[in-house]
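**Student:** Below you'll find the structure I mean.
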Amino acid sequence: MANNAKETGTVEEDDWSSFMCSDGTAFGRHEKTILRISDGHSTLKNDEVGRHQISIQCVSALSPLDMIDMYHGSQDATGNRVWTGALLFLEAFARDLPTTKSTSADGPNGELPPSLDESIATTIQAKLCRLRAQAIDDKSIVELGCGTGISGISILADYEGSSPASVTFTDFDGPALDLCRRNCEANIDDKSRYSVQQLEWGSDLPEGEQVKSYDTVVATDVLYDISSLAPLMQTASKLVKVDGYFFLSHVPRASVEANNGDCGSAAVAHADVLESLIMEEGLKRGLCIETFLRPSELSSIWDGISLNATSFADMDSVGAAVMVFRRLQL
């Protein structure tokens with residue numbers, strides 16, 4: 001964009017260099033972001049990784065140039081950001097669960113019976129314990145549309161909690177895969193526990209990928225276009241074992257054809273509308289919804305305090321949820 005300088009009669013170009021990424025793969029600037037994965041006190045410096053925190057290279061926001069490229073279809077920079085669905089996944093599956101205490105009136109110390117809030121928190125915590133044991137701990141996991149890799153990295157870096165045997169990070173976007181590799185190298189010492197591969201949803205699986213070979217499939221913040229729903233479900237169904245899990249952690253952003261008298265205009269679907277469409281498409285592929293994990297439920301476990309800057313209330317206000325599917329035998 002040119003800027004005319006009246007005093008000199010020269011033409012000055014606006015400086016957009018602040019939007020440039022150091023490796024030239026995207027217009028947004030990649031910066032190191034430290035994210036907590038544990039409530040414990042960390043003695044690490046802000047730029048170190050370890051027991052309680054991970055370091056993710058990402059952009060804080062998409063630049064105007066990113067948006068222009070997305071509009072023209074020449075570059076999709078969405079994978080360069082950490083989005084709300086990934087932060088919700090981190091809370092649900094990477095954060096250490098609090099130590100539970102007996103609240104039974106028949107307990108040896110004659111404790112008072114639990115309040116309703118305590119009972120809800122205990123139920124939700126039990127659900128998370130079961131899901132982590134059945135779908136995360138020592139399991140083979142593949143992440144679809146991995147972007148920065150934050151979701152898979154957060155559970156691989158969970159040193160004392162439920163940790164998978166391996167994570168395969170996949171994305172179709174080459175620059176996103178390069179970014180994911182750098183983030184994995186910065187946070188995971190054992191390189192034998194992960195791999196990074198290119199994968200296009202809905203297409204034939206790449207050589208070496210076995211149908212129904214993974215215990216769990218994970219996808220966070222991947223539904224920006226409703227047209228990607230069918231290939232996403234098709235690929236998840238192909239990769240996961242029978243009776244395995246598919247975790248879809250998302251915020252309803254996808255547009256659908258609105259039936260509101262506006263001549264079929266596109267509108268961002270409400271959470272319940274989009275979730276219904278996702279469940280319907282999942283059933284076609286043998287993926288049956290088992291449960292939901294809502295921010296308000298997770299909030300009850302940790303007394304409303306989230307690990308990072310995005311609060312549970314913020315997540316809830318945008319309709320964030322983890323949809324938990326099981327793969328049926330067809």
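Ligands are numbered from 1 in the order shown, residues from 1 within each chain, and chains are lettered A, B, ... in the order they appear in the structure tokens.
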Skipping near chain neighbours, those fewer than 5 positions away, what residues fall within 10 Å of range 187-193 of chain A using only C-alpha atoms, listed as a PyMOL selection string?

**Tutor:** chain A and resi 48-50+53-56+140+153-154+156-157+164-168+182

**Student:** Neighbours of Gly149 in chain A within 9 Å (only C-alpha atoms; same-chain residues fewer than 5 positions away dropped), as a PyMOL selection string?

**Tutor:** chain A and resi 56+79+143+154+169-170+176-177+179-181+183-184

**Student:** Store the residues picked out above, limited to N, CA, C and O atoms, as a PDB file, in the first residue's frame.

**Tutor:**
ATOM      1  N   ILE A  56       5.616 -23.303  22.420  1.00  0.00           N
ATOM      2  CA  ILE A  56       5.029 -23.467  21.092  1.00  0.00           C
ATOM      3  C   ILE A  56       5.328 -22.242  20.240  1.00  0.00           C
ATOM      4  O   ILE A  56       5.028 -21.108  20.625  1.00  0.00           O
ATOM      5  N   GLY A  79      -3.336 -22.986  10.645  1.00  0.00           N
ATOM      6  CA  GLY A  79      -2.549 -23.938  11.420  1.00  0.00           C
ATOM      7  C   GLY A  79      -1.392 -23.312  12.165  1.00  0.00           C
ATOM      8  O   GLY A  79      -0.722 -23.989  12.954  1.00  0.00           O
ATOM      9  N   GLU A 143      -3.014 -37.456  15.093  1.00  0.00           N
ATOM     10  CA  GLU A 143      -3.693 -36.161  15.113  1.00  0.00           C
ATOM     11  C   GLU A 143      -3.907 -35.686  13.683  1.00  0.00           C
ATOM     12  O   GLU A 143      -2.975 -35.662  12.871  1.00  0.00           O
ATOM     13  N   SER A 154       1.136 -31.700  23.987  1.00  0.00           N
ATOM     14  CA  SER A 154       0.721 -31.532  25.381  1.00  0.00           C
ATOM     15  C   SER A 154       0.577 -32.870  26.097  1.00  0.00           C
ATOM     16  O   SER A 154       0.871 -32.973  27.292  1.00  0.00           O
ATOM     17  N   PHE A 169       1.638 -37.017  13.969  1.00  0.00           N
ATOM     18  CA  PHE A 169       1.088 -35.709  13.629  1.00  0.00           C
ATOM     19  C   PHE A 169       0.888 -35.634  12.119  1.00  0.00           C
ATOM     20  O   PHE A 169       1.808 -35.919  11.350  1.00  0.00           O
ATOM     21  N   THR A 170      -0.315 -35.243  11.684  1.00  0.00           N
ATOM     22  CA  THR A 170      -0.574 -35.139  10.246  1.00  0.00           C
ATOM     23  C   THR A 170      -1.242 -33.811   9.921  1.00  0.00           C
ATOM     24  O   THR A 170      -1.991 -33.253  10.710  1.00  0.00           O
ATOM     25  N   ALA A 176       2.741 -25.893   7.778  1.00  0.00           N
ATOM     26  CA  ALA A 176       2.262 -26.281   9.104  1.00  0.00           C
ATOM     27  C   ALA A 176       3.026 -27.495   9.625  1.00  0.00           C
ATOM     28  O   ALA A 176       3.350 -27.569  10.817  1.00  0.00           O
ATOM     29  N   LEU A 177       3.330 -28.438   8.742  1.00  0.00           N
ATOM     30  CA  LEU A 177       4.099 -29.609   9.153  1.00  0.00           C
ATOM     31  C   LEU A 177       5.506 -29.214   9.596  1.00  0.00           C
ATOM     32  O   LEU A 177       6.038 -29.756  10.576  1.00  0.00           O
ATOM     33  N   LEU A 179       6.352 -26.364  10.893  1.00  0.00           N
ATOM     34  CA  LEU A 179       6.178 -25.716  12.193  1.00  0.00           C
ATOM     35  C   LEU A 179       5.977 -26.764  13.283  1.00  0.00           C
ATOM     36  O   LEU A 179       6.553 -26.662  14.380  1.00  0.00           O
ATOM     37  N   CYS A 180       5.168 -27.777  13.008  1.00  0.00           N
ATOM     38  CA  CYS A 180       4.926 -28.846  13.967  1.00  0.00           C
ATOM     39  C   CYS A 180       6.224 -29.572  14.309  1.00  0.00           C
ATOM     40  O   CYS A 180       6.484 -29.882  15.483  1.00  0.00           O
ATOM     41  N   ARG A 181       7.053 -29.849  13.306  1.00  0.00           N
ATOM     42  CA  ARG A 181       8.333 -30.523  13.558  1.00  0.00           C
ATOM     43  C   ARG A 181       9.201 -29.716  14.510  1.00  0.00           C
ATOM     44  O   ARG A 181       9.808 -30.265  15.434  1.00  0.00           O
ATOM     45  N   ASN A 183       8.253 -27.538  16.720  1.00  0.00           N
ATOM     46  CA  ASN A 183       7.672 -27.554  18.063  1.00  0.00           C
ATOM     47  C   ASN A 183       7.885 -28.898  18.753  1.00  0.00           C
ATOM     48  O   ASN A 183       8.122 -28.951  19.969  1.00  0.00           O
ATOM     49  N   CYS A 184       7.794 -29.979  17.999  1.00  0.00           N
ATOM     50  CA  CYS A 184       8.060 -31.300  18.578  1.00  0.00           C
ATOM     51  C   CYS A 184       9.507 -31.403  19.045  1.00  0.00           C
ATOM     52  O   CYS A 184       9.793 -31.886  20.153  1.00  0.00           O
TER      53      CYS A 184
END

**Student:** Based on DSSP run over this structure's backbone, return all residues of range 122-328 of chain A in alpha helix (DSSP H), as a ChimeraX atom specification.

**Tutor:** /A:122-135,150-156,174-187,229-239,271-284,295-301,312-317

**Student:** What residues in range 125-292 of chain A get the DSSP label strand (DSSP E)? Please answer as a CSV table (one decimal) with N, CA, C and O atoms, in the first residue's frame.

**Tutor:**
chain,number,residue,atom,x,y,z
A,140,SER,N,-1.6,-45.7,20.9
A,140,SER,CA,-1.1,-45.1,19.6
A,140,SER,C,-2.2,-44.1,19.1
A,140,SER,O,-3.3,-44.4,19.0
A,141,ILE,N,-1.7,-42.9,18.9
A,141,ILE,CA,-2.6,-41.7,18.6
A,141,ILE,C,-2.2,-41.1,17.3
A,141,ILE,O,-1.0,-40.9,17.0
A,142,VAL,N,-3.1,-40.7,16.5
A,142,VAL,CA,-2.9,-39.9,15.3
A,142,VAL,C,-3.7,-38.6,15.4
A,142,VAL,O,-4.8,-38.6,15.8
A,143,GLU,N,-3.0,-37.5,15.1
A,143,GLU,CA,-3.7,-36.2,15.1
A,143,GLU,C,-3.9,-35.7,13.7
A,143,GLU,O,-3.0,-35.7,12.9
A,144,LEU,N,-5.1,-35.3,13.4
A,144,LEU,CA,-5.5,-34.8,12.1
A,144,LEU,C,-5.5,-33.3,12.1
A,144,LEU,O,-6.1,-32.7,13.0
A,166,SER,N,2.7,-43.4,21.4
A,166,SER,CA,3.2,-42.7,20.2
A,166,SER,C,2.2,-41.7,19.7
A,166,SER,O,1.0,-42.0,19.9
A,167,VAL,N,2.6,-40.7,19.0
A,167,VAL,CA,1.7,-39.7,18.4
A,167,VAL,C,2.2,-39.5,16.9
A,167,VAL,O,3.4,-39.2,16.7
A,168,THR,N,1.3,-39.7,16.0
A,168,THR,CA,1.6,-39.4,14.6
A,168,THR,C,0.9,-38.0,14.3
A,168,THR,O,-0.4,-38.0,14.3
A,169,PHE,N,1.6,-37.0,14.0
A,169,PHE,CA,1.1,-35.7,13.6
A,169,PHE,C,0.9,-35.6,12.1
A,169,PHE,O,1.8,-35.9,11.3
A,170,THR,N,-0.3,-35.2,11.7
A,170,THR,CA,-0.6,-35.1,10.2
A,170,THR,C,-1.2,-33.8,9.9
A,170,THR,O,-2.0,-33.3,10.7
A,171,ASP,N,-0.9,-33.3,8.7
A,171,ASP,CA,-1.6,-32.1,8.2
A,171,ASP,C,-1.3,-32.2,6.7
A,171,ASP,O,-0.3,-32.8,6.2
A,194,TYR,N,7.2,-40.0,18.3
A,194,TYR,CA,6.4,-39.3,17.4
A,194,TYR,C,6.9,-39.3,15.9
A,194,TYR,O,8.1,-39.5,15.7
A,195,SER,N,6.0,-39.0,15.0
A,195,SER,CA,6.4,-38.8,13.6
A,195,SER,C,5.5,-37.7,13.0
A,195,SER,O,4.4,-37.4,13.6
A,196,VAL,N,5.9,-37.1,12.0
A,196,VAL,CA,5.2,-36.0,11.3
A,196,VAL,C,5.0,-36.4,9.8
A,196,VAL,O,6.0,-36.6,9.1
A,197,GLN,N,3.7,-36.4,9.4
A,197,GLN,CA,3.5,-36.9,8.0
A,197,GLN,C,2.4,-36.0,7.4
A,197,GLN,O,1.5,-35.5,8.0
A,198,GLN,N,2.5,-36.0,6.1
A,198,GLN,CA,1.5,-35.2,5.3
A,198,GLN,C,0.3,-36.2,5.0
A,198,GLN,O,0.5,-37.4,4.7
A,214,TYR,N,-4.9,-47.2,14.6
A,214,TYR,CA,-4.7,-46.3,15.8
A,214,TYR,C,-5.7,-46.6,16.8
A,214,TYR,O,-6.9,-46.8,16.5
A,215,ASP,N,-5.3,-46.4,18.1
A,215,ASP,CA,-6.3,-46.5,19.2
A,215,ASP,C,-7.2,-45.3,19.3
A,215,ASP,O,-8.3,-45.4,19.6
A,216,THR,N,-6.6,-44.2,19.0
A,216,THR,CA,-7.3,-42.9,19.1
A,216,THR,C,-6.9,-41.9,18.0
A,216,THR,O,-5.8,-41.8,17.6
A,217,VAL,N,-7.9,-41.2,17.5
A,217,VAL,CA,-7.7,-40.1,16.5
A,217,VAL,C,-8.1,-38.8,17.2
A,217,VAL,O,-9.1,-38.8,17.9
A,218,VAL,N,-7.3,-37.8,17.0
A,218,VAL,CA,-7.5,-36.5,17.7
A,218,VAL,C,-7.6,-35.4,16.6
A,218,VAL,O,-6.8,-35.5,15.6
A,219,ALA,N,-8.5,-34.5,16.7
A,219,ALA,CA,-8.5,-33.3,15.8
A,219,ALA,C,-9.0,-32.1,16.6
A,219,ALA,O,-10.0,-32.2,17.3
A,220,THR,N,-8.3,-31.0,16.6
A,220,THR,CA,-8.7,-29.8,17.3
A,220,THR,C,-8.7,-28.6,16.4
A,220,THR,O,-7.8,-28.4,15.6
A,240,VAL,N,-8.9,-45.2,12.8
A,240,VAL,CA,-9.1,-45.7,14.2
A,240,VAL,C,-9.6,-47.2,14.2
A,240,VAL,O,-10.3,-47.6,13.3
A,241,LYS,N,-9.1,-47.9,15.2
A,241,LYS,CA,-9.5,-49.2,15.4
A,241,LYS,C,-10.9,-49.4,15.8
A,241,LYS,O,-11.5,-48.4,16.3
A,242,VAL,N,-11.5,-50.5,15.6
A,242,VAL,CA,-12.9,-50.7,16.0
A,242,VAL,C,-12.9,-50.6,17.6
A,242,VAL,O,-12.0,-51.2,18.2
A,243,ASP,N,-13.9,-49.9,18.1
A,243,ASP,CA,-14.0,-49.6,19.5
A,243,ASP,C,-13.0,-48.6,20.0
A,243,ASP,O,-12.9,-48.3,21.2
A,244,GLY,N,-12.2,-48.0,19.1
A,244,GLY,CA,-11.3,-46.9,19.4
A,244,GLY,C,-12.0,-45.6,19.5
A,244,GLY,O,-13.2,-45.5,19.3
A,245,TYR,N,-11.3,-44.5,19.8
A,245,TYR,CA,-11.9,-43.2,20.1
A,245,TYR,C,-11.5,-42.2,19.0
A,245,TYR,O,-10.4,-42.3,18.4
A,246,PHE,N,-12.4,-41.3,18.8
A,246,PHE,CA,-12.1,-40.1,18.0
A,246,PHE,C,-12.5,-38.9,18.9
A,246,PHE,O,-13.7,-38.7,19.3
A,247,PHE,N,-11.5,-38.0,19.2
A,247,PHE,CA,-11.8,-36.8,20.0
A,247,PHE,C,-11.8,-35.6,19.0
A,247,PHE,O,-10.8,-35.3,18.4
A,248,LEU,N,-12.9,-34.9,18.9
A,248,LEU,CA,-13.0,-33.7,18.1
A,248,LEU,C,-13.2,-32.6,19.0
A,248,LEU,O,-14.3,-32.4,19.6
A,249,SER,N,-12.2,-31.8,19.2
A,249,SER,CA,-12.3,-30.6,20.1
A,249,SER,C,-12.4,-29.4,19.2
A,249,SER,O,-11.5,-29.1,18.5
A,250,HIS,N,-13.5,-28.6,19.4
A,250,HIS,CA,-13.7,-27.6,18.4
A,250,HIS,C,-14.6,-26.4,18.9
A,250,HIS,O,-15.2,-26.5,20.0
A,255,SER,N,-19.7,-22.5,8.5
A,255,SER,CA,-20.9,-21.9,8.0
A,255,SER,C,-21.7,-23.0,7.3
A,255,SER,O,-21.2,-23.9,6.7
A,256,VAL,N,-23.0,-22.9,7.5
A,256,VAL,CA,-24.0,-23.8,6.8
A,256,VAL,C,-25.0,-23.0,6.1
A,256,VAL,O,-25.2,-21.8,6.4
A,257,GLU,N,-25.8,-23.6,5.3
A,257,GLU,CA,-26.9,-22.9,4.6
A,257,GLU,C,-28.0,-22.6,5.6
A,257,GLU,O,-28.6,-23.5,6.1
A,266,ALA,N,-25.4,-18.2,3.8
A,266,ALA,CA,-24.5,-19.0,4.7
A,266,ALA,C,-24.5,-18.2,6.0
A,266,ALA,O,-24.4,-17.0,6.1
A,267,ALA,N,-24.5,-19.0,7.1
A,267,ALA,CA,-24.4,-18.4,8.4
A,267,ALA,C,-23.6,-19.3,9.3
A,267,ALA,O,-23.7,-20.6,9.1
A,268,VAL,N,-22.8,-18.8,10.2
A,268,VAL,CA,-22.1,-19.7,11.2
A,268,VAL,C,-23.1,-20.4,12.0
A,268,VAL,O,-24.0,-19.8,12.6
A,287,LEU,N,-19.0,-43.8,13.4
A,287,LEU,CA,-18.5,-43.1,14.6
A,287,LEU,C,-19.7,-42.7,15.4
A,287,LEU,O,-20.4,-41.8,15.0
A,288,CYS,N,-19.8,-43.3,16.6
A,288,CYS,CA,-21.0,-43.0,17.4
A,288,CYS,C,-20.6,-42.1,18.6
A,288,CYS,O,-19.6,-42.4,19.3
A,289,ILE,N,-21.4,-41.0,18.8
A,289,ILE,CA,-21.1,-40.1,19.9
A,289,ILE,C,-21.2,-40.8,21.2
A,289,ILE,O,-22.3,-41.5,21.4
A,290,GLU,N,-20.3,-40.7,22.1
A,290,GLU,CA,-20.3,-41.3,23.4
A,290,GLU,C,-20.6,-40.3,24.5
A,290,GLU,O,-21.5,-40.5,25.4
A,291,THR,N,-20.0,-39.2,24.4
A,291,THR,CA,-20.2,-38.1,25.4
A,291,THR,C,-19.6,-36.8,24.9
A,291,THR,O,-18.9,-36.7,23.9
A,292,PHE,N,-19.9,-35.7,25.6
A,292,PHE,CA,-19.3,-34.4,25.4
A,292,PHE,C,-18.5,-34.0,26.6
A,292,PHE,O,-18.9,-34.4,27.7

**Student:** Mind checking which residues fall within 12 Å of Cys129 in chain A, counting only C-alpha atoms, ignoring those fewer than 3 positions away in the same chain, and posting them as an MDAnalysis selection string?

**Tutor:** chainID A and resid 92:100 122:126 132:137 161:162

**Student:** At a cut-off of 9 Å, using only C-alpha atoms, what residues contact range 232-237 of chain A? Leave out same-chain residues fewer than 2 positions from it and give the result as a PyMOL selection string.

**Tutor:** chain A and resi 144+200-205+211-212+217-219+222-223+228-230+239-242+246+278+281-282+284-287+327
